[in-house]
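A.B. asks: Coordinates in entry.cif, mmCIF, C-alpha atoms, are listed below.
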data_data
loop_
_atom_site.label_atom_id
_atom_site.label_comp_id
_atom_site.auth_asym_id
_atom_site.auth_seq_id
_atom_site.Cartn_x
_atom_site.Cartn_y
_atom_site.Cartn_z
CA MET A 1 11.79 -18.56 4.16
CA ASN A 2 13.33 -15.18 4.87
CA HIS A 3 16.76 -16.67 5.25
CA PRO A 4 19.27 -14.04 4.12
CA THR A 5 20.60 -16.14 1.26
CA SER A 6 17.14 -16.12 -0.35
CA ALA A 7 17.32 -12.37 -1.03
CA VAL A 8 16.49 -11.85 -4.71
CA LEU A 9 17.60 -8.24 -4.55
CA ARG A 10 20.20 -6.97 -2.13
CA MET A 11 21.54 -3.43 -2.06
CA THR A 12 24.36 -2.76 0.37
CA GLY A 13 25.57 0.72 1.32
CA VAL A 14 24.44 2.09 -2.02
CA THR A 15 25.22 5.72 -2.77
CA ARG A 16 24.48 7.43 -6.07
CA VAL A 17 25.84 10.90 -6.76
CA HIS A 18 24.88 12.88 -9.85
CA GLY A 19 27.18 15.71 -10.98
CA GLU A 20 30.00 17.08 -8.91
CA GLY A 21 31.17 20.15 -7.04
CA ALA A 22 28.53 22.81 -6.51
CA THR A 23 25.89 20.98 -8.54
CA GLU A 24 26.47 17.62 -6.86
CA VAL A 25 23.25 15.81 -5.95
CA ARG A 26 23.30 12.80 -3.69
CA ALA A 27 20.27 10.90 -4.94
CA LEU A 28 20.85 7.97 -2.60
CA ARG A 29 23.03 7.79 0.49
CA GLU A 30 24.26 4.53 2.02
CA VAL A 31 21.04 2.66 1.34
CA THR A 32 20.93 -0.96 2.48
CA PHE A 33 17.89 -2.86 1.41
CA ALA A 34 16.90 -6.43 0.59
CA VAL A 35 13.86 -8.06 -0.95
CA HIS A 36 13.28 -11.79 -0.55
CA ALA A 37 11.38 -14.28 -2.65
CA GLY A 38 7.67 -14.07 -1.93
CA GLU A 39 7.89 -10.53 -0.65
CA LEU A 40 6.44 -7.28 -1.97
CA VAL A 41 8.19 -4.16 -0.66
CA ALA A 42 6.86 -0.66 -1.26
CA VAL A 43 9.18 2.33 -1.41
CA MET A 44 7.49 5.61 -0.54
CA GLY A 45 8.77 9.13 -0.59
CA PRO A 46 8.11 12.55 -2.08
CA SER A 47 9.51 13.42 -5.50
CA GLY A 48 13.26 13.86 -5.28
CA SER A 49 13.57 11.42 -2.38
CA GLY A 50 15.53 8.92 -4.51
CA LYS A 51 12.89 6.26 -5.06
CA SER A 52 13.22 6.13 -8.85
CA THR A 53 17.01 6.11 -8.56
CA LEU A 54 16.71 3.11 -6.26
CA LEU A 55 14.64 1.29 -8.86
CA THR A 56 16.97 2.03 -11.80
CA LEU A 57 19.93 0.80 -9.73
CA ALA A 58 18.06 -2.34 -8.68
CA GLY A 59 17.36 -3.13 -12.32
CA GLY A 60 20.92 -2.52 -13.50
CA LEU A 61 19.88 0.45 -15.65
CA ASP A 62 22.32 2.60 -13.74
CA ALA A 63 25.34 1.87 -11.53
CA PRO A 64 25.94 3.08 -7.98
CA THR A 65 28.72 5.54 -7.15
CA SER A 66 29.60 3.24 -4.26
CA GLY A 67 28.10 0.15 -2.65
CA THR A 68 26.88 -3.06 -4.27
CA VAL A 69 23.70 -4.23 -5.95
CA GLU A 70 23.16 -7.97 -6.14
CA VAL A 71 20.40 -9.76 -8.01
CA GLU A 72 19.99 -13.43 -7.07
CA GLY A 73 23.42 -13.36 -5.51
CA THR A 74 25.25 -11.84 -8.50
CA ASP A 75 26.98 -8.47 -8.11
CA LEU A 76 25.83 -6.38 -11.06
CA ALA A 77 29.11 -4.45 -11.15
CA GLY A 78 30.94 -7.65 -12.13
CA LEU A 79 28.67 -8.42 -15.05
CA GLY A 80 29.67 -5.89 -17.69
CA ASN A 81 27.20 -4.27 -20.07
CA ALA A 82 26.31 -7.42 -21.99
CA GLY A 83 25.86 -9.41 -18.80
CA ARG A 84 23.64 -6.73 -17.30
CA ALA A 85 21.53 -6.58 -20.44
CA ARG A 86 21.09 -10.34 -20.27
CA MET A 87 20.20 -10.16 -16.57
CA ARG A 88 17.57 -7.53 -17.40
CA ARG A 89 16.02 -9.83 -20.00
CA THR A 90 16.04 -12.99 -17.92
CA SER A 91 15.80 -12.07 -14.23
CA VAL A 92 14.16 -8.67 -13.93
CA GLY A 93 10.76 -7.48 -15.05
CA TYR A 94 9.78 -3.82 -15.22
CA VAL A 95 6.35 -2.29 -14.98
CA PHE A 96 6.18 1.43 -15.71
CA GLN A 97 3.49 4.03 -15.22
CA ASP A 98 3.03 4.48 -18.97
CA PHE A 99 3.14 0.75 -19.84
CA ASN A 100 5.93 1.09 -22.48
CA LEU A 101 4.44 -1.42 -24.90
CA ILE A 102 5.52 -1.48 -28.53
CA PRO A 103 2.52 -0.21 -30.51
CA ALA A 104 3.36 -2.16 -33.68
CA LEU A 105 3.34 -5.52 -31.85
CA THR A 106 0.32 -7.43 -30.60
CA ALA A 107 -0.07 -8.23 -26.89
CA ILE A 108 1.44 -11.69 -27.25
CA GLU A 109 4.33 -10.37 -29.38
CA ASN A 110 5.08 -7.72 -26.76
CA VAL A 111 5.16 -10.36 -24.04
CA SER A 112 7.29 -12.88 -25.94
CA LEU A 113 9.78 -10.28 -27.17
CA PRO A 114 12.17 -10.42 -24.18
CA LEU A 115 12.35 -14.21 -24.50
CA GLU A 116 12.95 -14.06 -28.25
CA LEU A 117 15.67 -11.42 -27.76
CA ASP A 118 17.27 -13.88 -25.41
CA GLY A 119 17.39 -16.55 -28.12
CA VAL A 120 14.34 -18.60 -27.13
CA ARG A 121 12.64 -20.11 -30.21
CA THR A 122 9.55 -18.24 -31.30
CA ARG A 123 7.20 -21.16 -30.73
CA THR A 124 8.45 -21.76 -27.19
CA ALA A 125 8.40 -18.04 -26.44
CA ARG A 126 4.80 -17.76 -27.65
CA VAL A 127 3.68 -20.63 -25.45
CA ALA A 128 5.26 -18.95 -22.41
CA ALA A 129 3.76 -15.58 -23.40
CA ARG A 130 0.32 -17.11 -23.78
CA ALA A 131 0.59 -18.62 -20.29
CA ALA A 132 1.64 -15.24 -18.86
CA LEU A 133 -1.30 -13.48 -20.53
CA ASP A 134 -3.69 -16.12 -19.20
CA GLU A 135 -2.28 -15.61 -15.77
CA VAL A 136 -3.05 -11.87 -15.82
CA GLY A 137 -6.54 -12.64 -17.09
CA ILE A 138 -6.36 -11.39 -20.68
CA GLY A 139 -5.47 -14.49 -22.68
CA GLU A 140 -8.32 -13.73 -25.08
CA LEU A 141 -6.71 -10.39 -26.04
CA ALA A 142 -3.44 -11.97 -27.17
CA ASP A 143 -3.76 -10.79 -30.78
CA ARG A 144 -4.85 -7.22 -30.04
CA PHE A 145 -2.61 -4.21 -30.56
CA PRO A 146 -2.01 -1.93 -27.54
CA ASP A 147 -3.99 0.92 -29.13
CA HIS A 148 -7.06 -1.27 -29.11
CA MET A 149 -6.88 -1.99 -25.39
CA SER A 150 -7.89 -0.04 -22.29
CA GLY A 151 -5.23 1.32 -19.94
CA GLY A 152 -5.88 -1.46 -17.47
CA GLN A 153 -5.52 -4.11 -20.17
CA GLN A 154 -2.29 -2.55 -21.42
CA GLN A 155 -0.90 -2.58 -17.90
CA ARG A 156 -1.81 -6.26 -17.63
CA VAL A 157 0.17 -6.92 -20.81
CA ALA A 158 3.08 -5.02 -19.27
CA ILE A 159 2.88 -7.18 -16.15
CA ALA A 160 2.73 -10.35 -18.26
CA ARG A 161 5.86 -9.11 -20.07
CA ALA A 162 7.52 -8.41 -16.72
CA VAL A 163 6.98 -11.93 -15.42
CA VAL A 164 7.26 -14.07 -18.57
CA GLY A 165 9.98 -16.71 -18.49
CA ASP A 166 9.80 -17.05 -14.73
CA ARG A 167 11.59 -13.85 -13.83
CA ARG A 168 11.87 -13.52 -10.10
CA LEU A 169 12.36 -9.78 -9.56
CA ILE A 170 9.58 -7.39 -10.52
CA LEU A 171 10.27 -3.66 -10.35
CA ALA A 172 7.20 -1.45 -10.60
CA ASP A 173 7.40 2.34 -10.86
CA GLU A 174 3.99 3.91 -10.05
CA PRO A 175 2.29 1.12 -12.03
CA THR A 176 -1.18 2.43 -11.25
CA GLY A 177 -0.43 6.08 -11.99
CA ALA A 178 -2.52 6.50 -15.13
CA LEU A 179 -5.36 4.16 -14.13
CA ASP A 180 -8.67 4.73 -12.35
CA SER A 181 -8.71 3.52 -8.76
CA GLU A 182 -10.58 0.27 -9.36
CA THR A 183 -8.33 -0.78 -12.26
CA GLY A 184 -5.32 0.31 -10.23
CA GLU A 185 -6.40 -1.93 -7.41
CA SER A 186 -6.74 -4.93 -9.73
CA ILE A 187 -3.16 -4.29 -10.92
CA LEU A 188 -1.92 -4.29 -7.32
CA ARG A 189 -3.86 -7.47 -6.63
CA LEU A 190 -2.05 -9.03 -9.59
CA LEU A 191 1.39 -7.92 -8.36
CA ARG A 192 0.52 -9.20 -4.91
CA THR A 193 -0.55 -12.60 -6.30
CA ARG A 194 2.67 -12.82 -8.30
CA CYS A 195 4.74 -12.18 -5.18
CA ASP A 196 2.68 -14.65 -3.15
CA ALA A 197 3.60 -17.18 -5.85
CA GLY A 198 7.31 -16.64 -5.15
CA ALA A 199 8.50 -13.53 -7.01
CA ALA A 200 10.19 -10.63 -5.24
CA GLY A 201 8.57 -7.27 -5.93
CA VAL A 202 9.57 -3.65 -5.43
CA LEU A 203 6.78 -1.14 -5.80
CA VAL A 204 7.63 2.56 -5.95
CA THR A 205 4.65 4.76 -5.19
CA HIS A 206 3.60 7.95 -3.48
CA GLU A 207 0.09 6.59 -2.74
CA ALA A 208 -0.27 5.18 0.75
CA ARG A 209 -3.29 3.14 -0.33
CA HIS A 210 -1.17 1.33 -2.91
CA ALA A 211 1.85 0.90 -0.67
CA ALA A 212 -0.47 -0.81 1.82
CA TRP A 213 -0.54 -3.90 -0.41
CA ALA A 214 3.11 -4.54 0.42
CA ASP A 215 4.56 -6.67 3.20
CA ARG A 216 6.95 -3.87 4.10
CA VAL A 217 6.92 -0.16 3.41
CA VAL A 218 10.24 1.67 3.25
CA PHE A 219 10.23 5.45 3.65
CA LEU A 220 12.85 7.41 1.72
CA ARG A 221 13.70 11.03 2.48
CA ASP A 222 16.53 12.87 0.70
CA GLY A 223 18.08 9.60 -0.42
CA VAL A 224 18.09 8.03 3.03
CA VAL A 225 15.88 5.23 4.38
CA VAL A 226 14.34 6.93 7.40
CA ASP A 227 11.97 4.21 8.54
CA GLU A 228 10.14 1.06 7.54
CA THR A 229 7.03 -0.80 8.61
CA GLY A 230 6.53 -4.52 9.03
CA ALA A 231 10.24 -5.30 9.22
CA ASP A 232 11.20 -8.40 11.09
CA ARG A 233 13.91 -7.02 13.34
CA ALA A 234 15.79 -10.30 13.62
CA ASP A 235 15.82 -10.60 9.86
CA VAL A 236 17.14 -7.06 9.46
CA LEU A 237 19.95 -7.89 11.86
CA LEU A 238 20.79 -11.07 9.97
CA ASP A 239 20.85 -9.16 6.70
CA ALA A 240 23.12 -6.54 8.16
CA GLY A 241 25.37 -9.31 9.46
CA THR A 242 25.79 -11.09 6.14
CA SER A 243 26.36 -7.94 4.15
CA THR A 244 29.46 -6.85 6.04
CA MET B 1 -21.55 5.95 17.94
CA SER B 2 -25.29 5.58 17.83
CA VAL B 3 -26.02 2.12 19.25
CA LYS B 4 -29.67 3.03 19.61
CA GLN B 5 -30.27 3.73 15.92
CA ALA B 6 -28.10 0.82 14.82
CA LEU B 7 -30.16 -1.66 16.85
CA LEU B 8 -33.42 -0.15 15.64
CA ALA B 9 -32.24 -0.42 12.03
CA LEU B 10 -31.38 -4.10 12.55
CA LEU B 11 -34.85 -4.72 14.04
CA GLU B 12 -36.38 -3.43 10.79
CA GLU B 13 -35.44 -6.83 9.35
CA GLY B 14 -37.58 -8.68 11.92
CA PRO B 15 -37.80 -9.50 15.63
CA ARG B 16 -34.48 -10.40 17.29
CA TYR B 17 -33.07 -10.95 20.74
CA GLY B 18 -30.08 -9.10 22.16
CA TYR B 19 -27.36 -11.59 21.35
CA GLN B 20 -28.55 -11.89 17.73
CA LEU B 21 -28.48 -8.12 17.36
CA ARG B 22 -24.93 -7.95 18.58
CA ALA B 23 -23.85 -10.74 16.24
CA GLN B 24 -25.51 -9.06 13.26
CA PHE B 25 -24.00 -5.69 14.09
CA GLU B 26 -20.52 -7.21 14.20
CA GLN B 27 -21.05 -9.17 11.01
CA ARG B 28 -21.60 -5.89 9.17
CA THR B 29 -18.90 -3.86 10.86
CA GLY B 30 -16.27 -6.42 11.82
CA ALA B 31 -15.09 -6.04 15.39
CA THR B 32 -14.25 -2.42 14.61
CA TRP B 33 -16.62 -1.03 17.25
CA PRO B 34 -17.24 -3.94 19.60
CA LEU B 35 -20.58 -3.99 21.46
CA ASN B 36 -20.95 -5.86 24.70
CA VAL B 37 -24.15 -7.74 25.30
CA GLY B 38 -24.88 -5.75 28.46
CA GLN B 39 -24.84 -2.52 26.45
CA VAL B 40 -27.23 -4.07 23.94
CA TYR B 41 -29.75 -5.08 26.63
CA THR B 42 -29.56 -1.70 28.41
CA THR B 43 -30.25 0.03 25.10
CA LEU B 44 -33.16 -2.30 24.32
CA THR B 45 -34.70 -1.56 27.73
CA ARG B 46 -34.46 2.17 27.03
CA LEU B 47 -35.91 1.76 23.54
CA GLU B 48 -38.82 -0.18 25.05
CA ARG B 49 -39.37 2.56 27.66
CA ASP B 50 -39.51 5.15 24.81
CA GLY B 51 -42.01 3.04 22.87
CA LEU B 52 -39.66 2.43 19.93
CA VAL B 53 -39.55 -1.37 20.41
CA GLU B 54 -41.73 -3.84 22.27
CA GLY B 55 -40.91 -7.15 23.92
CA THR B 56 -42.77 -10.13 22.46
CA GLY B 57 -41.98 -12.47 25.33
CA ALA B 58 -39.40 -15.20 25.47
CA ASP B 59 -38.76 -17.68 22.68
CA GLY B 60 -38.50 -21.45 23.33
CA GLU B 61 -34.96 -21.05 24.72
CA GLY B 62 -35.77 -18.20 27.07
CA HIS B 63 -34.37 -15.30 24.91
CA VAL B 64 -36.40 -12.09 25.20
CA VAL B 65 -37.34 -11.18 21.63
CA TYR B 66 -37.93 -7.54 20.61
CA ARG B 67 -39.95 -6.12 17.74
CA ILE B 68 -39.78 -2.60 16.28
CA THR B 69 -42.89 -0.35 16.70
CA GLU B 70 -44.29 2.21 14.22
CA ALA B 71 -42.61 4.98 16.22
CA GLY B 72 -39.37 2.99 15.96
CA ARG B 73 -39.66 2.78 12.18
CA GLY B 74 -40.14 6.54 12.07
CA GLU B 75 -36.97 6.99 14.13
CA VAL B 76 -34.94 4.77 11.75
CA ALA B 77 -36.27 6.61 8.70
CA THR B 78 -35.29 9.95 10.25
CA TRP B 79 -31.83 8.62 11.08
CA PHE B 80 -31.18 7.48 7.51
CA THR B 81 -32.40 10.75 5.98
CA THR B 82 -30.49 13.05 8.36
CA PRO B 83 -26.80 13.66 7.60
CA VAL B 84 -24.31 12.96 10.37
CA SER B 85 -23.37 16.30 11.91
CA ARG B 86 -19.92 17.72 11.20
CA THR B 87 -20.44 20.95 13.11
CA GLN B 88 -18.65 19.56 16.15
CA PRO B 89 -15.56 17.68 14.88
CA PRO B 90 -14.54 14.88 17.25
CA ARG B 91 -11.43 15.69 19.23
CA ASP B 92 -8.47 14.70 17.09
CA GLU B 93 -5.56 13.74 19.29
CA LEU B 94 -3.08 13.73 16.43
CA ALA B 95 -4.00 17.23 15.22
CA ILE B 96 -3.73 18.49 18.79
CA LYS B 97 -0.42 16.73 19.29
CA LEU B 98 1.10 18.28 16.16
CA ALA B 99 -0.30 21.72 16.94
CA LEU B 100 1.53 21.54 20.24
CA ALA B 101 4.65 19.87 18.82
CA VAL B 102 5.29 22.76 16.42
CA THR B 103 4.97 25.33 19.19
CA VAL B 104 6.50 23.67 22.26
CA PRO B 105 10.29 24.11 22.15
CA GLY B 106 12.60 21.12 21.89
CA VAL B 107 10.21 18.70 20.16
CA ASP B 108 11.58 16.81 17.14
CA VAL B 109 8.51 17.37 14.97
CA GLY B 110 9.94 15.41 12.04
CA ARG B 111 10.25 12.38 14.26
CA VAL B 112 6.72 12.80 15.63
CA ILE B 113 5.45 12.88 12.04
CA GLN B 114 7.47 9.89 10.85
CA GLN B 115 6.54 7.72 13.82
CA GLN B 116 2.88 8.44 13.25
CA ARG B 117 3.23 7.83 9.51
CA SER B 118 4.75 4.39 10.14
CA ALA B 119 2.06 3.50 12.68
CA THR B 120 -0.76 4.63 10.39
CA MET B 121 0.85 2.85 7.43
CA THR B 122 0.98 -0.37 9.46
CA ALA B 123 -2.74 -0.01 10.22
CA LEU B 124 -3.41 0.66 6.54
CA GLN B 125 -1.51 -2.53 5.63
CA ASP B 126 -3.69 -4.46 8.11
CA TYR B 127 -6.92 -3.02 6.66
CA THR B 128 -5.75 -3.88 3.16
CA ARG B 129 -5.05 -7.48 4.19
CA LEU B 130 -8.54 -7.70 5.73
CA LYS B 131 -10.02 -6.20 2.58
CA ARG B 132 -8.41 -8.83 0.39
CA ARG B 133 -10.13 -11.45 2.51
CA ALA B 134 -13.46 -9.62 2.73
CA ALA B 135 -13.55 -9.21 -1.06
CA GLU B 136 -13.90 -12.96 -1.42
CA GLY B 137 -17.32 -13.10 0.31
CA GLN B 138 -20.55 -12.77 -1.66
CA GLN B 139 -23.16 -12.01 1.04
CA PRO B 140 -24.66 -8.52 1.62
CA GLU B 141 -23.01 -8.58 5.07
CA ASP B 142 -19.63 -9.04 3.37
CA LEU B 143 -20.30 -5.96 1.27
CA ALA B 144 -21.24 -4.02 4.41
CA TRP B 145 -18.03 -5.04 6.16
CA SER B 146 -15.90 -4.30 3.13
CA LEU B 147 -17.40 -0.78 2.92
CA VAL B 148 -16.58 -0.22 6.60
CA LEU B 149 -13.03 -1.32 5.79
CA ASP B 150 -12.94 1.15 2.89
CA SER B 151 -13.90 3.87 5.32
CA LEU B 152 -10.97 2.93 7.57
CA VAL B 153 -8.67 2.78 4.53
CA PHE B 154 -9.73 6.24 3.36
CA SER B 155 -9.28 7.85 6.75
CA ALA B 156 -5.86 6.25 7.29
CA GLU B 157 -4.88 7.42 3.82
CA ALA B 158 -6.12 10.94 4.58
CA GLU B 159 -4.09 10.96 7.77
CA ILE B 160 -0.92 9.95 5.92
CA ARG B 161 -1.55 12.61 3.28
CA TRP B 162 -2.05 15.19 5.97
CA LEU B 163 1.24 14.11 7.65
CA ASP B 164 3.07 14.41 4.29
CA HIS B 165 1.54 17.85 3.91
CA CYS B 166 2.63 18.88 7.44
CA GLU B 167 6.16 17.71 6.70
CA ALA B 168 6.32 19.65 3.44
CA ARG B 169 4.96 22.81 5.10
CA LEU B 170 7.45 22.55 7.93
CA ARG B 171 10.34 22.13 5.51
CA ARG B 172 9.27 25.17 3.59
CA ALA B 173 8.89 27.19 6.77
CA GLU B 174 12.34 26.04 7.86
CA LEU B 175 13.92 27.20 4.60
CA GLU B 176 12.20 30.56 4.78
CA ARG B 177 13.40 31.32 8.28
CA PRO B 178 16.30 33.78 7.83
CA GLU B 179 18.25 32.57 10.88
CA THR B 180 18.14 28.99 9.54
CA LEU B 181 19.64 30.13 6.28
CA LEU B 182 22.36 31.90 8.17
CA GLU B 183 23.05 28.76 10.22
CA GLU B 184 23.24 26.72 7.04
CA ILE B 185 25.66 29.11 5.39
CA LEU B 186 27.82 29.09 8.50
CA SER B 187 27.82 25.30 8.74
CA ASP B 188 28.59 25.02 5.02
CA GLU B 189 31.55 27.33 5.52
CA GLU B 190 32.61 25.24 8.46
CA ALA B 191 32.48 22.12 6.33
CA ASN B 192 34.44 23.72 3.50
CA ARG B 193 37.24 24.79 5.73
#
Take the structure I supplied and represent it as structure tokens, if you would.
C.D. replies:
Amino acid sequence: MNHPTSAVLRMTGVTRVHGEGATEVRALREVTFAVHAGELVAVMGPSGSGKSTLLTLAGGLDAPTSGTVEVEGTDLAGLGNAGRARMRRTSVGYVFQDFNLIPALTAIENVSLPLELDGVRTRTARVAARAALDEVGIGELADRFPDHMSGGQQQRVAIARAVVGDRRLILADEPTGALDSETGESILRLLRTRCDAGAAGVLVTHEARHAAWADRVVFLRDGVVVDETGADRADVLLDAGTST
Amino acid sequence: MSVKQALLALLEEGPRYGYQLRAQFEQRTGATWPLNVGQVYTTLTRLERDGLVEGTGADGEGHVVYRITEAGRGEVATWFTTPVSRTQPPRDELAIKLALAVTVPGVDVGRVIQQQRSATMTALQDYTRLKRRAAEGQQPEDLAWSLVLDSLVFSAEAEIRWLDHCEARLRRAELERPETLLEEILSDEEANR
């Protein structure tokens, strides 16, 4: 299952430099990293270690200074802005700390929005959105507005939006940050279930207890991967072999 | 660990023989602190000597069954109402190792910290996996086991937080050392040449 070609996200020798000269900051340095279908990988590091940069690059929200980022085998650099925007709507789901729901739309409208933006007919989009809400356990709240939901419920809507339309890469940036520990745990359980069902997940967190839900934990320090747990050595070697 | 009090507490539920006690102890605590049957019987013999349990003879299959006495109940009650002492912290190998690593010359402290962090993280991942399974059970014993797991999770988490803290402190100390600054400036100049 962990055959190298099944990598949903593959970053190869990725470096990201902000600014230049005296104010130059190397946010990431030569990072090579892959996430396969069915796998949840946690990225841990102190603030300033480059973990958020890694996530924005993985989602095509930013481009590397050097190196390549591939999502389901497609190099994001070759896509152009329109292509990347489309990839973000169809292949990648984001879950943020502060949910980022649109307050004027109901739960189901929030979830179906990315599909509708992509040209899916409203009816079809709503059916998919309803299924996604059911899957995260809040189908009965479909017609509520975000302001009338608890933090945990809002985050469930955000996860439904991240996975609707069978997107295979889920990027989560401190998704449990604003939630109490029990609600946070249920959110991780949900992410875990989604990955067990075949999605690839990247979870950025500074909480060891949350990172422990992942199959692998990658440690970032000053933009460099310094260590990882749970890595299958042979698989790492294969990945390194195919990326050169 | 207090095997004596644990066995007495289990006997509060009713008469048991040694093997049953071991099984019930492990059901509640996983195999986290394994008991061997020999240890259980030695402890029961001592408890009987001290008048805290009494043998009720063998059951149909030849197991020696023990019952708790009044004095035994008193002992259990005292155990539950007395906090576990923290005045004498158990020897912490990791704390000792780091205390020495930062003072003995030539030790790569950063590496010591990272290796431990990875090892503890791996353990934390294992506990979390076990917890996901334990959460599915509905019996009181499942709750007991899942609370023991929580305890392991919290202490692993505390260890990782402490390692992060050590790393941050060491970095700060490094930056504040004047000779390090000088070295950095010199190596920067070297690089710019």
A.B. asks: Figure out the distance between CA of Gln5 (chain B) and CA of Thr69 (chain B), please, to one decimal in Å.
C.D. replies: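 Taking CA of Thr69 (chain B) as the start and CA of Gln5 (chain B) as the end point, the length is 13.3 Å.
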A.B. asks: List every protein, DNA or RNA residue with an atom no more than 9 Å from (6.2, 14.2, 11.6) in the file's coordinates, counting all atoms listed in the file, and format the result as a list of chain:residue names.
C.D. replies: B:Leu98, B:Asp108, B:Val109, B:Gly110, B:Arg111, B:Val112, B:Ile113, B:Gln114, B:Gln115, B:Gln116, B:Arg117, B:Leu163, B:Asp164, B:Cys166, B:Glu167
A.B. asks: Kindly export the residues of the current selection with C-alpha atoms, as an mmCIF file, in the coordinates of the input.
C.D. replies:
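Written output follows (out.cif):
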data_model
loop_
_atom_site.group_PDB
_atom_site.id
_atom_site.type_symbol
_atom_site.label_atom_id
_atom_site.label_comp_id
_atom_site.auth_asym_id
_atom_site.auth_seq_id
_atom_site.Cartn_x
_atom_site.Cartn_y
_atom_site.Cartn_z
ATOM 1 C CA LEU B 98 1.100 18.280 16.160
ATOM 2 C CA ASP B 108 11.580 16.810 17.140
ATOM 3 C CA VAL B 109 8.510 17.370 14.970
ATOM 4 C CA GLY B 110 9.940 15.410 12.040
ATOM 5 C CA ARG B 111 10.250 12.380 14.260
ATOM 6 C CA VAL B 112 6.720 12.800 15.630
ATOM 7 C CA ILE B 113 5.450 12.880 12.040
ATOM 8 C CA GLN B 114 7.470 9.890 10.850
ATOM 9 C CA GLN B 115 6.540 7.720 13.820
ATOM 10 C CA GLN B 116 2.880 8.440 13.250
ATOM 11 C CA ARG B 117 3.230 7.830 9.510
ATOM 12 C CA LEU B 163 1.240 14.110 7.650
ATOM 13 C CA ASP B 164 3.070 14.410 4.290
ATOM 14 C CA CYS B 166 2.630 18.880 7.440
ATOM 15 C CA GLU B 167 6.160 17.710 6.700
#
A.B. asks: Ranking A:Gly45, A:Ala132, A:Leu113, A:Leu28 by minimum distance to chain B and counting all atoms listed in the file, which one comes first?
C.D. replies: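 Distance minimum relative to chain B lands on A:Gly45.
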A.B. asks: Give me, as a short mmCIF file (atom, residue, chain, number, x, y, z; two decimals) with C-alpha atoms, in the coordinates of the input, the residues of chain B touching chain A, with the criterion being at most 6 Å (counting all atoms listed in the file).
C.D. replies:
data_model
loop_
_atom_site.label_atom_id
_atom_site.label_comp_id
_atom_site.auth_asym_id
_atom_site.auth_seq_id
_atom_site.Cartn_x
_atom_site.Cartn_y
_atom_site.Cartn_z
CA SER B 118 4.75 4.39 10.14
CA LEU B 124 -3.41 0.66 6.54
CA GLN B 125 -1.51 -2.53 5.63
CA GLU B 157 -4.88 7.42 3.82
#
A.B. asks: For the structure provided, state which residues fall under the PyMOL selection byres ((chain B and resi 10-25) around 8), and present them as a list in words.
C.D. replies: Ala6, Leu7, Leu8, Ala9, Glu26, Gln27, Arg28, Thr29, Leu35, Asn36, Val37, Val40, Tyr41, Leu44, His63, Val64, Val65, Tyr66, Arg67, Ile68 and Arg73 of chain B
A.B. asks: Which value, in Å to one decimal, gives the distance between CA of Pro146 (chain A) and CA of Ala42 (chain A)?
C.D. replies: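 If I compute the distance from CA of Pro146 (chain A) to CA of Ala42 (chain A), I get 27.8 Å.
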